[in-house]
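Enquirer: Provided herewith: structure.cif, mmCIF, C-alpha atoms.
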```
data_work
loop_
_atom_site.label_atom_id
_atom_site.label_comp_id
_atom_site.auth_asym_id
_atom_site.auth_seq_id
_atom_site.Cartn_x
_atom_site.Cartn_y
_atom_site.Cartn_z
CA MET J 1 15.75 1.12 11.26
CA LEU J 2 14.76 0.61 7.68
CA VAL J 3 13.96 3.77 5.74
CA VAL J 4 12.11 3.25 2.44
CA GLU J 5 11.82 6.48 0.50
CA ASP J 6 12.20 7.06 -3.24
CA GLU J 7 13.25 10.69 -2.83
CA PRO J 8 17.01 10.51 -2.13
CA THR J 9 17.25 13.85 -0.29
CA VAL J 10 14.41 12.91 2.05
CA ALA J 11 15.82 9.41 2.58
CA ARG J 12 19.20 10.95 3.44
CA LEU J 13 17.58 13.48 5.75
CA ILE J 14 15.66 10.84 7.72
CA ALA J 15 18.81 8.74 7.97
CA ASP J 16 20.81 11.77 9.19
CA VAL J 17 18.21 12.58 11.84
CA LEU J 18 18.10 9.01 13.14
CA GLU J 19 21.87 8.50 12.97
CA ASP J 20 22.30 11.72 14.97
CA GLU J 21 20.22 9.97 17.61
CA GLY J 22 22.64 7.04 17.55
CA LEU J 23 20.30 4.69 15.68
CA GLN J 24 21.48 2.37 12.89
CA VAL J 25 19.76 2.98 9.58
CA ASP J 26 19.46 1.18 6.26
CA THR J 27 17.94 3.22 3.45
CA LEU J 28 16.26 1.83 0.34
CA LEU J 29 14.77 3.84 -2.49
CA ASP J 30 12.40 1.17 -3.72
CA GLY J 31 9.45 -0.73 -2.21
CA ARG J 32 10.16 -3.96 -4.03
CA GLU J 33 13.72 -4.13 -2.72
CA ALA J 34 12.37 -3.30 0.74
CA LEU J 35 9.97 -6.24 0.53
CA ARG J 36 12.85 -8.57 -0.31
CA ARG J 37 14.98 -7.11 2.50
CA ALA J 38 12.14 -7.31 5.03
CA ALA J 39 11.73 -11.02 4.26
CA ARG J 40 15.26 -11.82 5.37
CA GLU J 41 16.21 -9.17 7.94
CA ASN J 42 14.70 -7.94 11.14
CA TYR J 43 14.29 -4.26 11.96
CA ASP J 44 12.98 -2.44 15.01
CA LEU J 45 11.08 -0.01 12.85
CA VAL J 46 10.25 0.61 9.19
CA ILE J 47 9.87 4.23 8.15
CA CYS J 48 8.21 4.26 4.79
CA ASP J 49 7.07 6.77 2.20
CA MET J 50 3.57 6.30 0.86
CA LYS J 51 3.97 7.25 -2.77
CA MET J 52 6.79 5.49 -4.60
CA PRO J 53 7.15 4.19 -8.13
CA GLY J 54 7.03 0.43 -8.52
CA LEU J 55 5.73 -0.84 -5.20
CA ASP J 56 4.29 1.97 -3.09
CA GLY J 57 4.12 2.12 0.70
CA GLN J 58 0.54 0.91 0.93
CA HIS J 59 1.22 -2.21 -1.12
CA PHE J 60 4.52 -2.83 0.67
CA TYR J 61 2.63 -2.77 3.98
CA GLN J 62 -0.18 -4.98 2.67
CA SER J 63 2.35 -7.51 1.32
CA LEU J 64 3.99 -7.69 4.76
CA ALA J 65 0.61 -8.08 6.43
CA ARG J 66 -0.41 -10.89 4.07
CA SER J 67 2.80 -12.78 4.75
CA ARG J 68 2.28 -12.17 8.51
CA ASN J 69 5.67 -10.50 8.75
CA PRO J 70 5.91 -9.01 12.28
CA LEU J 71 7.35 -5.84 10.78
CA GLN J 72 3.77 -4.86 9.91
CA GLU J 73 3.43 -3.96 13.61
CA ARG J 74 6.47 -1.70 13.49
CA PHE J 75 5.61 0.71 10.76
CA LEU J 76 5.74 4.48 10.50
CA PHE J 77 4.55 6.16 7.32
CA VAL J 78 5.87 9.48 6.12
CA THR J 79 3.64 10.99 3.51
CA GLY J 80 3.06 14.24 1.72
CA ASP J 81 -0.38 13.05 0.74
CA VAL J 82 -2.39 12.98 3.98
CA LEU J 83 -5.04 15.11 2.28
CA ALA J 84 -5.86 12.36 -0.21
CA GLN J 85 -9.01 10.51 0.83
CA GLN J 86 -7.60 7.11 -0.14
CA THR J 87 -4.48 7.72 1.97
CA GLN J 88 -6.52 8.89 4.96
CA GLU J 89 -8.80 5.88 4.77
CA PHE J 90 -5.90 3.47 4.50
CA LEU J 91 -4.07 4.97 7.49
CA GLU J 92 -7.21 5.12 9.64
CA ARG J 93 -8.47 1.66 8.73
CA ASN J 94 -5.15 0.07 9.66
CA ARG J 95 -4.49 2.45 12.58
CA LEU J 96 -1.09 3.23 11.19
CA PRO J 97 1.10 5.91 12.74
CA HIS J 98 2.30 8.53 10.31
CA VAL J 99 4.14 11.80 9.96
CA ALA J 100 3.04 14.33 7.36
CA LYS J 101 5.58 15.90 5.02
CA PRO J 102 6.99 18.46 5.40
CA PHE J 103 7.76 17.50 9.00
CA ARG J 104 9.83 19.12 11.73
CA VAL J 105 12.81 17.03 12.85
CA GLU J 106 11.36 16.91 16.35
CA GLU J 107 8.05 15.52 15.10
CA LEU J 108 9.88 12.65 13.46
CA THR J 109 12.10 11.80 16.43
CA GLU J 110 9.17 12.02 18.90
CA LYS J 111 7.12 9.66 16.78
CA VAL J 112 10.05 7.24 16.36
CA TYR J 113 10.82 7.17 20.08
CA GLY J 114 7.14 6.81 20.91
CA LEU J 115 6.96 3.71 18.72
CA LEU J 116 10.23 2.29 20.03
CA ASP J 117 9.15 2.89 23.65
CA GLY J 118 5.86 1.17 22.90
CA GLN J 119 7.74 -1.84 21.56
CA LEU J 120 9.96 -1.96 24.63
CA ALA J 121 6.92 -1.78 26.88
CA ARG J 122 5.20 -4.53 24.93
CA GLY J 123 8.42 -6.60 24.97
CA GLY J 124 8.74 -6.07 28.74
CA ARG J 125 5.16 -7.17 29.37
CA ALA J 126 5.65 -10.22 27.16
CA ALA J 127 8.87 -11.15 28.99
CA ALA J 128 7.18 -10.69 32.36
CA ALA J 129 4.25 -12.83 31.29
CA LYS J 130 6.68 -15.52 30.11
CA LYS J 131 8.34 -15.57 33.54
CA GLY J 132 4.93 -16.07 35.13
CA HIS J 133 4.75 -12.65 36.80
CA MET D 1 -11.20 -5.68 2.96
CA THR D 2 -10.19 -8.39 0.52
CA PRO D 3 -8.97 -7.03 -2.81
CA ARG D 4 -10.70 -8.34 -5.91
CA GLU D 5 -8.80 -10.95 -7.86
CA TYR D 6 -7.80 -9.67 -11.28
CA THR D 7 -5.76 -10.46 -14.33
CA ILE D 8 -2.85 -8.52 -15.74
CA LEU D 9 -2.02 -9.26 -19.38
CA LEU D 10 1.63 -9.00 -20.47
CA VAL D 11 2.19 -8.64 -24.22
CA SER D 12 5.85 -8.84 -25.16
CA ASP D 13 8.13 -10.87 -27.39
CA ASP D 14 10.85 -10.45 -24.76
CA ALA D 15 10.63 -13.60 -22.63
CA ALA D 16 13.04 -12.25 -20.01
CA LEU D 17 10.97 -9.09 -19.59
CA ARG D 18 7.78 -11.16 -19.28
CA ALA D 19 9.38 -13.34 -16.59
CA THR D 20 10.71 -10.33 -14.64
CA ALA D 21 7.42 -8.46 -14.88
CA ARG D 22 5.44 -11.53 -13.82
CA HIS D 23 7.71 -12.09 -10.84
CA GLU D 24 7.53 -8.45 -9.75
CA LEU D 25 3.75 -8.27 -10.11
CA GLU D 26 3.16 -11.52 -8.26
CA THR D 27 5.54 -10.48 -5.47
CA VAL D 28 3.06 -7.77 -4.55
CA ASP D 29 0.06 -10.09 -4.42
CA VAL D 30 0.14 -13.81 -5.20
CA ARG D 31 -3.60 -13.81 -5.86
CA ARG D 32 -3.04 -11.85 -9.02
CA HIS D 33 -3.36 -13.74 -12.23
CA VAL D 34 -0.68 -12.72 -14.70
CA ALA D 35 -1.29 -13.92 -18.27
CA SER D 36 1.37 -13.43 -20.90
CA VAL D 37 1.54 -13.69 -24.68
CA SER D 38 4.24 -12.84 -27.17
CA SER D 39 2.24 -10.97 -29.82
CA VAL D 40 -0.59 -8.47 -30.22
CA ASP D 41 -2.53 -10.96 -32.35
CA ALA D 42 -2.36 -13.52 -29.53
CA ALA D 43 -3.44 -10.83 -27.08
CA ARG D 44 -6.47 -9.98 -29.23
CA ARG D 45 -7.51 -13.63 -29.28
CA ILE D 46 -7.60 -13.93 -25.49
CA VAL D 47 -8.34 -10.44 -24.26
CA ALA D 48 -12.14 -10.74 -24.27
CA ASN D 49 -12.12 -13.91 -22.17
CA ALA D 50 -9.18 -12.94 -19.97
CA ALA D 51 -10.88 -9.62 -19.08
CA PRO D 52 -7.62 -8.09 -17.82
CA ALA D 53 -7.65 -5.12 -15.48
CA VAL D 54 -4.48 -3.75 -17.10
CA ILE D 55 -2.37 -4.64 -20.14
CA LEU D 56 1.40 -4.11 -20.23
CA LEU D 57 2.72 -4.08 -23.79
CA THR D 58 6.17 -3.58 -25.29
CA GLU D 59 6.02 -1.60 -28.48
CA ALA D 60 8.49 -3.94 -30.24
CA THR D 61 5.73 -6.57 -30.10
CA VAL D 62 3.96 -4.50 -32.71
CA THR D 63 6.14 -5.03 -35.75
CA LEU D 64 6.69 -1.58 -37.13
CA GLY D 65 8.06 -1.21 -40.62
CA PRO D 66 8.84 1.85 -42.77
CA GLY D 67 6.76 4.90 -41.86
CA GLY D 68 5.93 3.45 -38.45
CA LEU D 69 3.35 1.04 -39.92
CA ASN D 70 2.90 -2.58 -38.87
CA GLU D 71 2.63 -5.58 -41.17
CA ARG D 72 -1.04 -4.74 -41.79
CA GLY D 73 -0.13 -1.18 -42.72
CA GLN D 74 -1.46 0.20 -39.45
CA ARG D 75 0.07 2.59 -36.97
CA LEU D 76 0.95 1.72 -33.39
CA ASP D 77 -2.11 3.53 -32.02
CA VAL D 78 -4.45 1.27 -34.01
CA ASP D 79 -3.01 -1.85 -32.41
CA VAL D 80 -2.97 -0.32 -28.95
CA SER D 81 -6.49 1.10 -29.20
CA SER D 82 -7.82 -2.33 -30.18
CA LEU D 83 -6.58 -3.57 -26.79
CA ALA D 84 -7.40 -0.37 -24.92
CA SER D 85 -11.08 -0.94 -25.59
CA TYR D 86 -10.81 -3.83 -23.09
CA ALA D 87 -8.42 -2.38 -20.50
CA PRO D 88 -5.91 0.45 -20.07
CA VAL D 89 -2.61 -0.27 -21.77
CA VAL D 90 0.80 0.64 -20.40
CA VAL D 91 3.21 0.73 -23.33
CA ILE D 92 7.00 0.58 -23.19
CA GLY D 93 8.47 1.86 -26.44
CA ASP D 94 10.98 4.01 -28.27
CA ALA D 95 10.80 7.79 -28.00
CA GLN D 96 10.11 8.11 -31.74
CA HIS D 97 6.70 6.39 -31.41
CA GLN D 98 5.53 8.24 -28.35
CA THR D 99 3.51 10.87 -30.21
CA GLU D 100 1.50 8.19 -32.02
CA LEU D 101 -0.18 7.36 -28.74
CA SER D 102 -0.68 10.90 -27.52
CA GLY D 103 -4.43 10.73 -28.28
CA LEU D 104 -4.89 7.54 -26.28
CA VAL D 105 -2.73 8.87 -23.45
CA ALA D 106 -4.70 12.14 -23.34
CA ALA D 107 -7.94 10.14 -23.23
CA GLY D 108 -6.63 8.21 -20.23
CA ALA D 109 -6.69 4.89 -22.11
CA ALA D 110 -2.92 4.36 -22.24
CA ASP D 111 0.39 5.32 -20.66
CA TYR D 112 3.63 5.52 -22.60
CA VAL D 113 7.01 4.85 -21.04
CA VAL D 114 10.06 5.64 -23.15
CA ARG D 115 12.43 2.70 -23.19
CA SER D 116 15.42 3.11 -20.88
CA GLY D 117 17.23 1.23 -18.13
CA GLU D 118 14.43 2.07 -15.70
CA SER D 119 11.46 1.75 -18.04
CA LEU D 120 10.21 -1.59 -16.71
CA ASN D 121 10.16 -0.29 -13.13
CA VAL D 122 8.35 2.86 -14.21
CA ALA D 123 5.87 0.82 -16.27
CA LEU D 124 5.20 -1.52 -13.33
CA GLY D 125 4.53 1.53 -11.19
CA LEU D 126 1.96 2.71 -13.72
CA VAL D 127 0.39 -0.76 -13.79
CA GLU D 128 0.03 -0.61 -9.99
CA ARG D 129 -1.52 2.83 -10.27
CA ARG D 130 -3.98 1.64 -12.91
CA LEU D 131 -4.90 -1.31 -10.70
CA ARG D 132 -5.52 0.95 -7.74
CA LYS D 133 -7.80 3.10 -9.83
CA ALA D 134 -9.63 0.02 -11.10
CA GLN D 135 -10.03 -1.29 -7.55
CA GLY D 136 -11.06 2.07 -6.19
CA GLY D 137 -13.75 2.18 -8.86
CA ALA D 138 -14.10 5.88 -8.27
CA GLN D 139 -13.11 6.83 -11.75
CA THR D 140 -14.49 6.22 -15.17
CA SER D 141 -12.83 3.15 -16.64
CA PRO D 142 -10.18 4.05 -19.19
CA SER D 143 -11.84 1.87 -21.78
CA ALA D 144 -14.99 3.91 -21.33
CA GLU D 145 -12.97 7.10 -21.59
CA ALA D 146 -11.66 5.93 -24.94
CA SER D 147 -15.08 5.01 -26.24
CA PRO D 148 -17.21 7.32 -28.36
CA ASP D 149 -19.25 8.05 -25.18
CA THR D 150 -16.52 10.27 -23.88
CA PRO D 151 -17.43 11.77 -20.48
CA PRO D 152 -18.21 15.47 -20.45
CA ALA D 153 -15.38 17.94 -20.05
CA SER D 154 -16.36 18.66 -16.45
CA ALA D 155 -15.88 14.97 -15.56
CA LEU D 156 -12.43 14.97 -17.16
CA LEU D 157 -11.55 18.07 -15.18
CA GLU D 158 -12.51 16.27 -11.95
CA VAL D 159 -10.16 13.39 -12.81
CA ASP D 160 -7.44 15.86 -13.72
CA ARG D 161 -7.96 17.74 -10.48
CA GLU D 162 -7.56 14.56 -8.46
CA ASP D 163 -4.33 13.57 -10.19
CA PHE D 164 -3.12 17.14 -10.19
CA GLY D 165 -3.60 17.37 -6.42
CA GLU D 166 -1.51 14.23 -5.96
CA VAL D 167 1.25 15.53 -8.20
CA LEU D 168 1.17 18.92 -6.51
CA ARG D 169 1.49 17.49 -3.00
CA HIS D 170 4.22 15.06 -4.03
CA GLU D 171 6.30 17.59 -5.94
CA LEU D 172 6.05 20.35 -3.37
CA ASN D 173 6.12 18.45 -0.09
CA ASN D 174 9.26 16.44 -0.85
CA PRO D 175 11.59 19.41 -1.50
CA LEU D 176 9.97 21.31 1.38
CA THR D 177 10.74 18.38 3.67
CA GLY D 178 14.38 18.43 2.57
CA ILE D 179 14.69 22.20 2.97
CA LEU D 180 13.06 22.32 6.39
CA GLY D 181 14.86 19.24 7.72
CA ASN D 182 18.32 20.22 6.51
CA ALA D 183 17.90 23.77 7.85
CA GLU D 184 16.85 22.41 11.24
CA LEU D 185 19.71 19.92 11.37
CA LEU D 186 22.19 22.64 10.41
CA LEU D 187 20.87 24.98 13.09
CA SER D 188 21.04 22.29 15.73
CA GLU D 189 24.62 21.39 14.71
CA ILE D 190 25.64 25.09 14.92
CA ARG D 191 24.03 25.46 18.37
CA ARG D 192 25.69 22.28 19.58
CA LYS D 193 29.16 23.47 18.55
CA SER D 194 28.74 26.98 19.99
CA ASP D 195 32.23 28.01 18.78
CA GLY D 196 30.96 30.35 16.06
CA ARG D 197 32.24 28.12 13.25
CA LEU D 198 30.21 26.25 10.69
CA PRO D 199 29.94 22.51 11.31
CA GLN D 200 31.81 20.15 8.99
CA GLY D 201 28.78 19.08 6.94
CA ALA D 202 27.35 22.61 6.69
CA PRO D 203 28.33 23.40 3.07
CA GLN D 204 26.73 20.16 1.88
CA ARG D 205 23.52 20.88 3.79
CA LEU D 206 23.40 24.43 2.40
CA GLU D 207 23.94 23.13 -1.13
CA THR D 208 21.09 20.66 -0.65
CA ILE D 209 18.83 23.43 0.64
CA ALA D 210 19.67 25.69 -2.30
CA ALA D 211 19.22 22.89 -4.86
CA LEU D 212 15.85 21.90 -3.37
CA ALA D 213 14.68 25.52 -3.31
CA VAL D 214 15.53 25.83 -7.02
CA ARG D 215 13.69 22.57 -7.70
CA LEU D 216 10.70 23.88 -5.80
CA ARG D 217 10.71 27.06 -7.86
CA GLU D 218 10.81 25.05 -11.10
CA SER D 219 8.02 22.77 -9.91
CA VAL D 220 5.79 25.70 -9.01
CA ARG D 221 6.41 27.27 -12.42
CA ARG D 222 5.80 24.04 -14.32
CA LEU D 223 2.72 23.04 -12.35
CA SER D 224 1.24 26.53 -12.67
CA THR D 225 1.68 26.44 -16.43
CA GLU D 226 0.27 22.92 -16.62
CA TRP D 227 -2.72 23.85 -14.52
CA GLU D 228 -3.44 26.91 -16.65
CA GLU D 229 -3.19 24.85 -19.85
CA ARG D 230 -5.46 22.08 -18.56
CA HIS D 231 -7.99 24.51 -17.16
CA HIS D 232 -8.01 26.52 -20.35
CA ALA D 233 -8.26 23.40 -22.56
CA VAL D 234 -11.29 22.06 -20.67
CA LEU D 235 -13.12 25.35 -20.39
CA SER D 236 -12.55 26.46 -23.97
CA PRO D 237 -15.49 25.81 -26.29
#
```
Can the structure from this file be put into structure tokens for me?

Expert:
Amino acid sequence: MLVVEDEPTVARLIADVLEDEGLQVDTLLDGREALRRAARENYDLVICDMKMPGLDGQHFYQSLARSRNPLQERFLFVTGDVLAQQTQEFLERNRLPHVAKPFRVEELTEKVYGLLDGQLARGGRAAAAKKGH
Amino acid sequence: MTPREYTILLVSDDAALRATARHELETVDVRRHVASVSSVDAARRIVANAAPAVILLTEATVTLGPGGLNERGQRLDVDVSSLASYAPVVVIGDAQHQTELSGLVAAGAADYVVRSGESLNVALGLVERRLRKAQGGAQTSPSAEASPDTPPASALLEVDREDFGEVLRHELNNPLTGILGNAELLLSEIRRKSDGRLPQGAPQRLETIAALAVRLRESVRRLSTEWEERHHAVLSP
């Protein structure tokens, strides 16, 4: 898991929640560093804040999409700004899963497992198709 | 939707800063055109043709002598406003010159970032924000805000409300997330142990909760005061 969140207490919280679930987590406080990291490492899921100084979540996602980085398909936004029209439009247009801050721990883990299960299902179908089933 | 192509003008005599800023800005979107010059005079010569969406300027580029005046006997705000009539200007400078730009900042034509170890990152964040506003096109352009045809007070209040809403949500939702999440984790750790003792990490979680609650209190106080001041300033005759 890659957690990108400029607020250290929230970044730590998300990492704690996921590590409690036995998942491995890298946390970064900056979108630009996340873009560099995403170019050279593979993650099962990116959990990303929307509003960050420097490179925000929206531009981080768009940069990944432009470079056709497969991580764009494994993205979960956490945002305290779901009421903002621009944020709503961006999330809806790109059909991006998100969790609104402040979130319950269970909301976060359910969303994460839902996305991971979806990936496993997609991976299983792809593997089956490869074997000619 | 394909974003418009646009130019960002860097004005700085610091070649290393120009190179870093160019790299960082182009990392986000290679279709951006980043022009750079080392002086305000050079910027003035090209700004009309370059038609930048945003200008990033380091205050040291404006040679300030005794009394905060440049070589032409002008203050920093004169130089910056000459550029701000073309595009919003994000200025990185010393704390002592910040007040000189307060008029331009209040008019929405400039941002001022006090020089520090993190100032370039902060300034780049403001550049991105300015670009988003320019692309969104929903707001009055900063150059227009700085012109004599200043929008009516009600229009300024709308812009303020929009930004204020963003700030409010950001500053309240983050500490609330930390408080709620840490409390829930602590409760679940206590239930899991079921021996009546506090879990090992409990004091740290409680300290985080208390610190975030204090921060929330301060934010509510500060934002309330700010809101009252803005509202009063716009509504006053």

Enquirer: As a ChimeraX atom specification, could you give me every residue of chain D near chain J (at most 8 Å apart, counting all atoms listed in the file)?

Expert: /D:24,28-29,121-126,128,166,169-170,173-178,180-182,184-185,208

Enquirer: Work out how far apart CA of Thr109 (chain J) and CA of Val78 (chain J) are and give it in Å to one decimal.

Expert: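 Calculated distance between CA of Thr109 (chain J) and CA of Val78 (chain J) is 12.3 Å.
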
Enquirer: Give me the result of the PyMOL selection byres ((chain D and resi 107-120) around 8) on this file, residue by residue, as a ChimeraX atom specification.

Expert: /D:21,84,87-95,98,101,103-106,121-124,126,142-143,145-146

Enquirer: Name the residues captured by the PyMOL selection byres ((chain D and resi 44-60) around 7) when it is applied to the shown file; answer as a list in words.

Expert: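 Applied to this file, the PyMOL selection byres ((chain D and resi 44-60) around 7) returns Tyr6, Thr7, Ile8, Leu9, Leu10, Val11, Ser12, Val40, Asp41, Ala42, Ala43, Thr61, Val62, Thr63, Leu83, Ala87, Pro88, Val89, Val90, Val91, Ile92, Gly93, Val127, Arg130 and Leu131 of chain D.
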
Enquirer: Grab the CA of His98 (chain J) to CA of Gln85 (chain J) distance for me, in Å with one decimal place.

Expert: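 These atoms are spaced 14.9 Å apart.
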
Enquirer: Applying the PyMOL selection byres ((chain J and resi 29) around 6) to the file I just gave you, which residues come out? Please list them as a short mmCIF file (atom, residue, chain, number, x, y, z; two decimals) with C-alpha atoms, in the frame of the given file.

Expert:
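Contents of result_26.cif, as written:
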```cif
data_model
loop_
_atom_site.label_atom_id
_atom_site.label_comp_id
_atom_site.auth_asym_id
_atom_site.auth_seq_id
_atom_site.Cartn_x
_atom_site.Cartn_y
_atom_site.Cartn_z
CA VAL J 4 12.11 3.25 2.44
CA GLU J 5 11.82 6.48 0.50
CA ASP J 6 12.20 7.06 -3.24
CA LEU J 28 16.26 1.83 0.34
CA ASP J 30 12.40 1.17 -3.72
#
```

Enquirer: To one decimal in Å, tell me the separation between CA of Phe77 (chain J) and CA of Leu96 (chain J).

Expert: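 The value is 7.4 Å.
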
Enquirer: Which residues are near region 42-48 of chain J? Cut-off 8 Å, all atoms listed in the file, ignore same chain within fewer than 3 positions. Put them as a PyMOL selection string.

Expert: chain J and resi 1-5+38+57+71+74-78+116

Enquirer: Pull C-alpha atoms for region 16-72 of chain J from the block and write them as a PDB file, in the first residue's frame.

Expert:
```pdb
ATOM      1  CA  ASP J  16      -1.848   2.038  11.649  1.00  0.00           C
ATOM      2  CA  VAL J  17      -5.257   0.847  10.459  1.00  0.00           C
ATOM      3  CA  LEU J  18      -3.806  -1.003   7.469  1.00  0.00           C
ATOM      4  CA  GLU J  19      -0.844  -2.430   9.392  1.00  0.00           C
ATOM      5  CA  ASP J  20      -3.296  -3.740  12.007  1.00  0.00           C
ATOM      6  CA  GLU J  21      -4.841  -5.647   9.119  1.00  0.00           C
ATOM      7  CA  GLY J  22      -1.443  -7.140   8.301  1.00  0.00           C
ATOM      8  CA  LEU J  23      -0.865  -5.020   5.196  1.00  0.00           C
ATOM      9  CA  GLN J  24       2.508  -3.452   4.342  1.00  0.00           C
ATOM     10  CA  VAL J  25       2.394   0.314   4.066  1.00  0.00           C
ATOM     11  CA  ASP J  26       4.671   3.052   2.766  1.00  0.00           C
ATOM     12  CA  THR J  27       3.650   6.587   3.685  1.00  0.00           C
ATOM     13  CA  LEU J  28       4.644   9.752   1.847  1.00  0.00           C
ATOM     14  CA  LEU J  29       3.677  13.283   2.768  1.00  0.00           C
ATOM     15  CA  ASP J  30       4.132  14.770  -0.675  1.00  0.00           C
ATOM     16  CA  GLY J  31       2.561  14.185  -4.101  1.00  0.00           C
ATOM     17  CA  ARG J  32       5.726  14.889  -6.039  1.00  0.00           C
ATOM     18  CA  GLU J  33       7.704  12.286  -4.117  1.00  0.00           C
ATOM     19  CA  ALA J  34       4.794   9.879  -4.600  1.00  0.00           C
ATOM     20  CA  LEU J  35       4.958  10.407  -8.359  1.00  0.00           C
ATOM     21  CA  ARG J  36       8.659   9.557  -8.352  1.00  0.00           C
ATOM     22  CA  ARG J  37       8.058   6.504  -6.159  1.00  0.00           C
ATOM     23  CA  ALA J  38       5.132   5.301  -8.282  1.00  0.00           C
ATOM     24  CA  ALA J  39       7.347   5.405 -11.375  1.00  0.00           C
ATOM     25  CA  ARG J  40       9.765   2.856  -9.939  1.00  0.00           C
ATOM     26  CA  GLU J  41       7.760   0.718  -7.513  1.00  0.00           C
ATOM     27  CA  ASN J  42       4.625  -1.314  -7.751  1.00  0.00           C
ATOM     28  CA  TYR J  43       1.839  -1.146  -5.184  1.00  0.00           C
ATOM     29  CA  ASP J  44      -1.447  -2.995  -4.829  1.00  0.00           C
ATOM     30  CA  LEU J  45      -3.239   0.180  -3.887  1.00  0.00           C
ATOM     31  CA  VAL J  46      -2.589   3.914  -3.577  1.00  0.00           C
ATOM     32  CA  ILE J  47      -4.514   5.731  -0.880  1.00  0.00           C
ATOM     33  CA  CYS J  48      -4.222   9.402  -1.563  1.00  0.00           C
ATOM     34  CA  ASP J  49      -5.356  12.677  -0.060  1.00  0.00           C
ATOM     35  CA  MET J  50      -6.910  15.161  -2.451  1.00  0.00           C
ATOM     36  CA  LYS J  51      -5.623  18.450  -1.133  1.00  0.00           C
ATOM     37  CA  MET J  52      -1.870  18.631  -0.636  1.00  0.00           C
ATOM     38  CA  PRO J  53       0.662  21.398  -1.113  1.00  0.00           C
ATOM     39  CA  GLY J  54       2.943  21.034  -4.111  1.00  0.00           C
ATOM     40  CA  LEU J  55       1.357  18.302  -6.201  1.00  0.00           C
ATOM     41  CA  ASP J  56      -2.178  17.546  -5.058  1.00  0.00           C
ATOM     42  CA  GLY J  57      -4.021  14.240  -5.387  1.00  0.00           C
ATOM     43  CA  GLN J  58      -5.873  15.185  -8.544  1.00  0.00           C
ATOM     44  CA  HIS J  59      -2.699  16.131 -10.408  1.00  0.00           C
ATOM     45  CA  PHE J  60      -0.847  13.107  -9.030  1.00  0.00           C
ATOM     46  CA  TYR J  61      -3.602  10.882 -10.435  1.00  0.00           C
ATOM     47  CA  GLN J  62      -3.676  12.717 -13.772  1.00  0.00           C
ATOM     48  CA  SER J  63       0.118  12.424 -14.094  1.00  0.00           C
ATOM     49  CA  LEU J  64      -0.131   8.657 -13.534  1.00  0.00           C
ATOM     50  CA  ALA J  65      -2.947   8.405 -16.060  1.00  0.00           C
ATOM     51  CA  ARG J  66      -0.989  10.355 -18.685  1.00  0.00           C
ATOM     52  CA  SER J  67       2.033   8.100 -18.263  1.00  0.00           C
ATOM     53  CA  ARG J  68      -0.310   5.049 -18.442  1.00  0.00           C
ATOM     54  CA  ASN J  69       0.949   3.847 -15.076  1.00  0.00           C
ATOM     55  CA  PRO J  70      -1.285   0.891 -14.079  1.00  0.00           C
ATOM     56  CA  LEU J  71      -1.500   2.311 -10.566  1.00  0.00           C
ATOM     57  CA  GLN J  72      -4.161   4.694 -11.905  1.00  0.00           C
TER      58      GLN J  72
END
```
